[in-house]
Amino acid sequence: MAEEDGEERESLVKTDSMESRWVYQPDDDSEIEYEDDDEEGDGIESESKIGIDSEDEDVVAHRLIRTGPRVDSFDVEALEVPGTHRHDFEEFGPWRYIVLVFQTLGVVFGDVGTSQLYTFSVMFDKAPIKEKEDVLGALSLVLYTLILISLVKYILVVLWANDDGEGGTFALYSLICRHAKVSVVPNQLPSDARISSFRLKVPSPELERSLKIKERLENSLGLKKFLLMLVLAGTSMVIADGVVTPAMSVMSAVEGLKVGISGIKHEEVLMVAVAFLILLFSVQRYGTSKMGFIVGPALFIWFCCLAGIGIHNILKYDRGVWKAFNPIYIYYYFKRNKIEAWYALGGCLLCVTGSEAMFADLCYFSVRSVQFTFVLLVFPCLLLGYFGQAAYLMQNQGDSARAFYSSVPSGVFWPVFIIANIAALIASRAMTTATFSCIKQSTALGCFPRLKIIHTSRKFMGQIYIPVLNWFLLAACVVLVCSVPSITEIGNSYGIAELGVMMMTTILVTLVMLLIWQINIITVVGFLVLFMGIELTFFSSLLCFVGDGSWIILLFAVVMFLIMLIWNYGSKLKYETEVKQKMSMELLRQLGPNLGTIRAPGIGLVYNELVRGIPAIFGHFITTLPAIHSMIIFVCIKYVPVPMVPQNERFLFRRVCSKGYHMFRCIARYGYKDVRKETHQIFEQLLIESLEKFIRREAQERSLESDGDGDEHTDTDDESFSNFLIAPNGSAFSLGVPLLADFNDTHMRISEPSTSREVRSDTASDTFDPDQSLERELSFIRQAKESGVVYLLGHGDIRARKESWFLKKLVVNYFYAFLRKNSRRGTANLSVPHSHLMQVGMTYMV
């Protein structure tokens, strides 16, 4: 047998990797159909046939297998929900691709494009020009920073580390979580790896090293927490970036008024900037797709202006600026200016602001569209713009304070000023949309309180708008602009926020290279040393100016980090407590007859967060109420570490207890980019269709098993089926009573003195006529559905024990409680009428 398995695995390895995918599964890898305690074997024929989900599944030996197309008994061909389809760039025609390029310009490259407004101004404010070679040195520094960070790191490397088209810090974290169990909330299931969008990597020669890293991550709680801290720190910097980007872009654009209008006061410029910021965040709700198409041509004109002005200045002032391609000028620049040149590094970094937005906004566009647009249009225009400013400063060194506007020819100053302000507003939107995307990802993965999310496009599901966060960012931007008067000081804050994200991305991409890409170790070390060295050098320069205003943005980032950390900590405590206090099957079977519980007609959807086991709050239901519904479905809304879960793989169903109890578990699986626009009617319809298909598939599998086992096994089935319908205490039907219309007959049959033989003969008829048994159960479901669906919501809160540490009491009882009270309920998207809701609260002491 072992030799046959070995031959089978060998043949699988030779199969084309495009036909199937590799996953890690337990050796006994059948799906879960029944949930039961290990000590109770009622109705369980054999673990190898039906598949028992053990709570100790993590210790089961795993083997590498290849799976084919996903067809499982718990799948459902779900109804089509508007707005749930992902765009497919490969099907676009030439005209659609041109539109896509304009939208890419408007959403992704606005930030990096407007860096022309302030890069040289901030650099030469920290290191004034002493001679012409200083201009060449600064230009060479900007040139190679753009090449190394924007082009090499992000365009050529980081963009390929996307999670099925999704970018950003949490997309990297999700990608890592999919390949290793590093999530601190233990709700992973083997069935998650069978979702078609998991797309695990085919093994490579470096597989052994990858497996060692995976094992080390999974077995070390400290490494899991450290990885989570990195991700939360990076995300807090992204949110901080969403504050400082609009402030910097708008202020630098509006300051052109000081060049065009002599004698204008700083307070007047500040008022104009605040008005522009209010306008910017007010139009954010119209969505990325609409606004991207509108502002795309404006950004195209902006980049053409940069290129045109650059060529004009090169031809007019100094054609020798091309010598900056020689990196020796960087060495001469540091040799002449020493400490001031090091200070100027903080300003130089501003030329690559927006590089992280290219990755974070990847969800809106394809990798190829971003790469081609940057290489063929954005990058050449940026180079020409910087070379043009440098050529102007070679002859006009005194105008370095406002290098860009001073270098604009006087005849086109006002048109360029207008387009520059439009570009600045567009650039601000780039980071704001990236912030929205990042917050949605972190919410789905349990690291941020739930907020109202509006999907602004029916075609592109990744385009979202978060109202509360939008106005919060506006308020923070206005405070930053009014409290930090100098562009240079705002630039310091900008650089720190941008570098924080960049360094976290470097670390996470390095881990992706080791764990997932499994490439040569020398390449991985080279990537880490090169880019982490560059970013740490820039960071050391910016730290010297923390006291000049950068502390404001750092404080903001720390507050966001603490919010995410507290929410994740509280959510983890709550989940672990619910797991510890979940009900056993034996207790559930005993409570029904002991309490005299009556089954009322209808379907009760019990919402909980457990992926296995009966939540303790259900025991609170049945001990408090005299009746429960004739059919109970435990619904768990679970987010899987993938961008999207296909609709036909959305629901996972399992039986809870034996067949006569009419109790099921449903795990509704969503990706962190999935749209949840279903109303409660659509959700119920999807749920019931899914359940019916599960029951049909289950009956089909049992029929095949019965046909293959022969007459001898039929007797065994008869025996086991009697166990399915009768609880251990002999009164199973007390919880298995169908609708009230059938209550009298069923109750009479049970209340009359009867022997086990009489019951078996009745159940044996179901065994010999499976079609009749199937139709009876499907009819029962339809009658229950017609009687109505009620949502039983259990609100579990946590409180710290009296003997807990003071800090734990403060975090759990006040901070986490405040966040939970003000967060959006998980079922808010379904818009369930109050008449269909029943809520019970329960407090866990942790």
# chains A, B, ... in the order shown; residues from 1 in each chain; ligands from 1
call {"tool": "residues_around", "arguments": {"residues": "Ile454 in chain A", "least_positions_apart": "2", "cutoff": "9 Å", "atoms": "only C-alpha atoms", "output": "ChimeraX atom specification"}}
result
/A:285,452,456,463-467
call {"tool": "closest_residue", "arguments": {"among": "A:Ala360, A:Met663, A:Asn326, A:Leu270", "to": "Ser483 in chain A", "atoms": "only C-alpha atoms"}}
result
A:Leu270
call {"tool": "closest_residue", "arguments": {"among": "A:Ala390, A:Ser540, A:Arg824, A:Arg665", "to": "Ile453 in chain A", "atoms": "only C-alpha atoms"}}
result
A:Arg824
call {"tool": "atom_distance", "arguments": {"atom1": "CA of Asp318 in chain A", "atom2": "CA of Val152 in chain A"}}
result
28.8 Å
call {"tool": "closest_atom_pairs", "arguments": {"of": "range 537-647 of chain A", "to": "range 205-226 of chain A", "cutoff": "12 Å", "atoms": "only C-alpha atoms", "output": "tab-separated table"}}
result
residue	atom	partner	partner_atom	distance
A:Leu565	CA	A:Lys225	CA	10.5
A:Asn568	CA	A:Lys225	CA	10.8
A:Tyr569	CA	A:Lys225	CA	10.5
A:Lys572	CA	A:Lys225	CA	11.9
call {"tool": "write_last_selection", "arguments": {"atoms": "all heavy atoms", "output": "PDB file, in the first residue's frame"}}
result
ATOM      1  N   LEU A 565      -4.046  47.395  17.543  1.00  0.00           N
ATOM      2  CA  LEU A 565      -3.509  46.403  18.466  1.00  0.00           C
ATOM      3  C   LEU A 565      -4.550  46.011  19.521  1.00  0.00           C
ATOM      4  O   LEU A 565      -4.733  44.821  19.822  1.00  0.00           O
ATOM      5  CB  LEU A 565      -2.249  46.949  19.129  1.00  0.00           C
ATOM      6  CG  LEU A 565      -1.484  45.985  20.041  1.00  0.00           C
ATOM      7  CD1 LEU A 565      -0.969  44.800  19.242  1.00  0.00           C
ATOM      8  CD2 LEU A 565      -0.342  46.711  20.744  1.00  0.00           C
ATOM      9  N   ASN A 568      -7.344  43.890  17.880  1.00  0.00           N
ATOM     10  CA  ASN A 568      -6.900  42.526  17.606  1.00  0.00           C
ATOM     11  C   ASN A 568      -6.749  41.720  18.893  1.00  0.00           C
ATOM     12  O   ASN A 568      -7.134  40.541  18.952  1.00  0.00           O
ATOM     13  CB  ASN A 568      -5.566  42.562  16.843  1.00  0.00           C
ATOM     14  CG  ASN A 568      -5.066  41.192  16.490  1.00  0.00           C
ATOM     15  OD1 ASN A 568      -4.258  40.593  17.201  1.00  0.00           O
ATOM     16  ND2 ASN A 568      -5.527  40.658  15.374  1.00  0.00           N
ATOM     17  N   TYR A 569      -6.230  42.366  19.932  1.00  0.00           N
ATOM     18  CA  TYR A 569      -6.055  41.686  21.215  1.00  0.00           C
ATOM     19  C   TYR A 569      -7.402  41.298  21.817  1.00  0.00           C
ATOM     20  O   TYR A 569      -7.602  40.157  22.273  1.00  0.00           O
ATOM     21  CB  TYR A 569      -5.285  42.599  22.167  1.00  0.00           C
ATOM     22  CG  TYR A 569      -5.163  42.080  23.586  1.00  0.00           C
ATOM     23  CD1 TYR A 569      -4.313  41.013  23.883  1.00  0.00           C
ATOM     24  CD2 TYR A 569      -5.902  42.646  24.620  1.00  0.00           C
ATOM     25  CE1 TYR A 569      -4.205  40.539  25.184  1.00  0.00           C
ATOM     26  CE2 TYR A 569      -5.797  42.183  25.917  1.00  0.00           C
ATOM     27  CZ  TYR A 569      -4.950  41.124  26.194  1.00  0.00           C
ATOM     28  OH  TYR A 569      -4.842  40.647  27.471  1.00  0.00           O
ATOM     29  N   LYS A 572      -9.070  38.490  19.772  1.00  0.00           N
ATOM     30  CA  LYS A 572      -8.422  37.192  20.020  1.00  0.00           C
ATOM     31  C   LYS A 572      -8.859  36.625  21.375  1.00  0.00           C
ATOM     32  O   LYS A 572      -9.176  35.434  21.491  1.00  0.00           O
ATOM     33  CB  LYS A 572      -6.905  37.369  19.987  1.00  0.00           C
ATOM     34  CG  LYS A 572      -6.100  36.107  20.308  1.00  0.00           C
ATOM     35  CD  LYS A 572      -4.619  36.379  20.161  1.00  0.00           C
ATOM     36  CE  LYS A 572      -3.800  35.152  20.552  1.00  0.00           C
ATOM     37  NZ  LYS A 572      -3.833  34.918  22.002  1.00  0.00           N
TER      38      LYS A 572
END
call {"tool": "closest_residue", "arguments": {"among": "A:Val352, A:Met513, A:Leu117, A:Val107", "to": "Phe404 in chain A", "atoms": "only C-alpha atoms"}}
result
A:Leu117
call {"tool": "closest_atom_pairs", "arguments": {"of": "range 587-654 of chain A", "to": "range 577-580 of chain A", "cutoff": "8 Å", "atoms": "only C-alpha atoms", "output": "CSV"}}
result
residue,atom,partner,partner_atom,distance
A:Leu610,CA,A:Val579,CA,7.0
A:Gly613,CA,A:Val579,CA,7.7
A:Pro615,CA,A:Glu578,CA,6.6
A:Ala616,CA,A:Glu578,CA,6.9
call {"tool": "decode", "arguments": {"residues": "range 530-542 of chain A", "atoms": "all heavy atoms", "output": "PDB file, in the first residue's frame"}}
result
ATOM      1  N   LEU A 530      20.232  45.587   0.292  1.00  0.00           N
ATOM      2  CA  LEU A 530      20.255  46.790  -0.542  1.00  0.00           C
ATOM      3  C   LEU A 530      19.172  47.779  -0.139  1.00  0.00           C
ATOM      4  O   LEU A 530      19.459  48.942   0.190  1.00  0.00           O
ATOM      5  CB  LEU A 530      20.101  46.394  -2.015  1.00  0.00           C
ATOM      6  CG  LEU A 530      19.976  47.556  -3.011  1.00  0.00           C
ATOM      7  CD1 LEU A 530      21.234  48.422  -2.988  1.00  0.00           C
ATOM      8  CD2 LEU A 530      19.685  47.044  -4.413  1.00  0.00           C
ATOM      9  N   PHE A 531      17.936  47.333  -0.137  1.00  0.00           N
ATOM     10  CA  PHE A 531      16.844  48.283   0.061  1.00  0.00           C
ATOM     11  C   PHE A 531      16.638  48.642   1.531  1.00  0.00           C
ATOM     12  O   PHE A 531      16.301  49.793   1.832  1.00  0.00           O
ATOM     13  CB  PHE A 531      15.563  47.715  -0.549  1.00  0.00           C
ATOM     14  CG  PHE A 531      15.611  47.643  -2.048  1.00  0.00           C
ATOM     15  CD1 PHE A 531      15.739  46.430  -2.699  1.00  0.00           C
ATOM     16  CD2 PHE A 531      15.574  48.799  -2.811  1.00  0.00           C
ATOM     17  CE1 PHE A 531      15.804  46.359  -4.075  1.00  0.00           C
ATOM     18  CE2 PHE A 531      15.640  48.746  -4.187  1.00  0.00           C
ATOM     19  CZ  PHE A 531      15.759  47.518  -4.820  1.00  0.00           C
ATOM     20  N   MET A 532      16.851  47.707   2.435  1.00  0.00           N
ATOM     21  CA  MET A 532      16.755  48.071   3.839  1.00  0.00           C
ATOM     22  C   MET A 532      17.888  49.013   4.220  1.00  0.00           C
ATOM     23  O   MET A 532      17.692  49.946   5.024  1.00  0.00           O
ATOM     24  CB  MET A 532      16.782  46.823   4.721  1.00  0.00           C
ATOM     25  CG  MET A 532      16.552  47.099   6.202  1.00  0.00           C
ATOM     26  SD  MET A 532      15.004  47.977   6.553  1.00  0.00           S
ATOM     27  CE  MET A 532      13.816  46.691   6.212  1.00  0.00           C
ATOM     28  N   GLY A 533      19.062  48.829   3.634  1.00  0.00           N
ATOM     29  CA  GLY A 533      20.175  49.746   3.885  1.00  0.00           C
ATOM     30  C   GLY A 533      19.872  51.149   3.394  1.00  0.00           C
ATOM     31  O   GLY A 533      20.134  52.151   4.093  1.00  0.00           O
ATOM     32  N   ILE A 534      19.308  51.240   2.182  1.00  0.00           N
ATOM     33  CA  ILE A 534      18.947  52.556   1.635  1.00  0.00           C
ATOM     34  C   ILE A 534      17.895  53.228   2.505  1.00  0.00           C
ATOM     35  O   ILE A 534      18.003  54.424   2.853  1.00  0.00           O
ATOM     36  CB  ILE A 534      18.443  52.405   0.185  1.00  0.00           C
ATOM     37  CG1 ILE A 534      19.581  51.957  -0.732  1.00  0.00           C
ATOM     38  CG2 ILE A 534      17.851  53.712  -0.316  1.00  0.00           C
ATOM     39  CD1 ILE A 534      19.135  51.631  -2.146  1.00  0.00           C
ATOM     40  N   GLU A 535      16.870  52.490   2.874  1.00  0.00           N
ATOM     41  CA  GLU A 535      15.768  53.077   3.639  1.00  0.00           C
ATOM     42  C   GLU A 535      16.185  53.453   5.054  1.00  0.00           C
ATOM     43  O   GLU A 535      15.735  54.483   5.584  1.00  0.00           O
ATOM     44  CB  GLU A 535      14.596  52.094   3.647  1.00  0.00           C
ATOM     45  CG  GLU A 535      13.901  51.994   2.295  1.00  0.00           C
ATOM     46  CD  GLU A 535      13.141  50.696   2.083  1.00  0.00           C
ATOM     47  OE1 GLU A 535      13.102  49.888   3.042  1.00  0.00           O
ATOM     48  OE2 GLU A 535      12.595  50.485   0.993  1.00  0.00           O
ATOM     49  N   LEU A 536      17.030  52.679   5.671  1.00  0.00           N
ATOM     50  CA  LEU A 536      17.533  53.044   7.002  1.00  0.00           C
ATOM     51  C   LEU A 536      18.401  54.289   6.942  1.00  0.00           C
ATOM     52  O   LEU A 536      18.403  55.109   7.868  1.00  0.00           O
ATOM     53  CB  LEU A 536      18.314  51.879   7.604  1.00  0.00           C
ATOM     54  CG  LEU A 536      17.476  50.694   8.112  1.00  0.00           C
ATOM     55  CD1 LEU A 536      18.386  49.565   8.584  1.00  0.00           C
ATOM     56  CD2 LEU A 536      16.559  51.132   9.249  1.00  0.00           C
ATOM     57  N   THR A 537      19.152  54.454   5.850  1.00  0.00           N
ATOM     58  CA  THR A 537      19.962  55.658   5.688  1.00  0.00           C
ATOM     59  C   THR A 537      19.081  56.890   5.594  1.00  0.00           C
ATOM     60  O   THR A 537      19.337  57.924   6.240  1.00  0.00           O
ATOM     61  CB  THR A 537      20.844  55.541   4.432  1.00  0.00           C
ATOM     62  OG1 THR A 537      21.649  54.364   4.526  1.00  0.00           O
ATOM     63  CG2 THR A 537      21.734  56.759   4.285  1.00  0.00           C
ATOM     64  N   PHE A 538      18.027  56.807   4.780  1.00  0.00           N
ATOM     65  CA  PHE A 538      17.082  57.924   4.685  1.00  0.00           C
ATOM     66  C   PHE A 538      16.403  58.174   6.036  1.00  0.00           C
ATOM     67  O   PHE A 538      16.209  59.324   6.436  1.00  0.00           O
ATOM     68  CB  PHE A 538      16.017  57.623   3.628  1.00  0.00           C
ATOM     69  CG  PHE A 538      16.476  57.861   2.212  1.00  0.00           C
ATOM     70  CD1 PHE A 538      16.621  56.816   1.328  1.00  0.00           C
ATOM     71  CD2 PHE A 538      16.744  59.142   1.764  1.00  0.00           C
ATOM     72  CE1 PHE A 538      17.039  57.026   0.025  1.00  0.00           C
ATOM     73  CE2 PHE A 538      17.161  59.376   0.464  1.00  0.00           C
ATOM     74  CZ  PHE A 538      17.305  58.314  -0.406  1.00  0.00           C
ATOM     75  N   PHE A 539      16.039  57.090   6.728  1.00  0.00           N
ATOM     76  CA  PHE A 539      15.334  57.223   8.001  1.00  0.00           C
ATOM     77  C   PHE A 539      16.198  57.904   9.051  1.00  0.00           C
ATOM     78  O   PHE A 539      15.715  58.719   9.849  1.00  0.00           O
ATOM     79  CB  PHE A 539      14.896  55.840   8.478  1.00  0.00           C
ATOM     80  CG  PHE A 539      13.897  55.876   9.588  1.00  0.00           C
ATOM     81  CD1 PHE A 539      12.615  56.359   9.374  1.00  0.00           C
ATOM     82  CD2 PHE A 539      14.221  55.427  10.862  1.00  0.00           C
ATOM     83  CE1 PHE A 539      11.683  56.393  10.392  1.00  0.00           C
ATOM     84  CE2 PHE A 539      13.292  55.455  11.884  1.00  0.00           C
ATOM     85  CZ  PHE A 539      12.027  55.942  11.654  1.00  0.00           C
ATOM     86  N   SER A 540      17.489  57.586   9.058  1.00  0.00           N
ATOM     87  CA  SER A 540      18.397  58.223  10.015  1.00  0.00           C
ATOM     88  C   SER A 540      18.480  59.720   9.791  1.00  0.00           C
ATOM     89  O   SER A 540      18.642  60.495  10.731  1.00  0.00           O
ATOM     90  CB  SER A 540      19.790  57.591   9.904  1.00  0.00           C
ATOM     91  OG  SER A 540      20.357  57.845   8.631  1.00  0.00           O
ATOM     92  N   SER A 541      18.358  60.142   8.532  1.00  0.00           N
ATOM     93  CA  SER A 541      18.372  61.573   8.241  1.00  0.00           C
ATOM     94  C   SER A 541      17.112  62.258   8.756  1.00  0.00           C
ATOM     95  O   SER A 541      17.177  63.343   9.343  1.00  0.00           O
ATOM     96  CB  SER A 541      18.508  61.784   6.732  1.00  0.00           C
ATOM     97  OG  SER A 541      18.337  63.140   6.388  1.00  0.00           O
ATOM     98  N   LEU A 542      15.964  61.609   8.577  1.00  0.00           N
ATOM     99  CA  LEU A 542      14.703  62.231   8.971  1.00  0.00           C
ATOM    100  C   LEU A 542      14.523  62.287  10.485  1.00  0.00           C
ATOM    101  O   LEU A 542      13.834  63.175  10.995  1.00  0.00           O
ATOM    102  CB  LEU A 542      13.535  61.455   8.345  1.00  0.00           C
ATOM    103  CG  LEU A 542      13.367  61.642   6.829  1.00  0.00           C
ATOM    104  CD1 LEU A 542      12.402  60.618   6.279  1.00  0.00           C
ATOM    105  CD2 LEU A 542      12.885  63.053   6.526  1.00  0.00           C
TER     106      LEU A 542
END
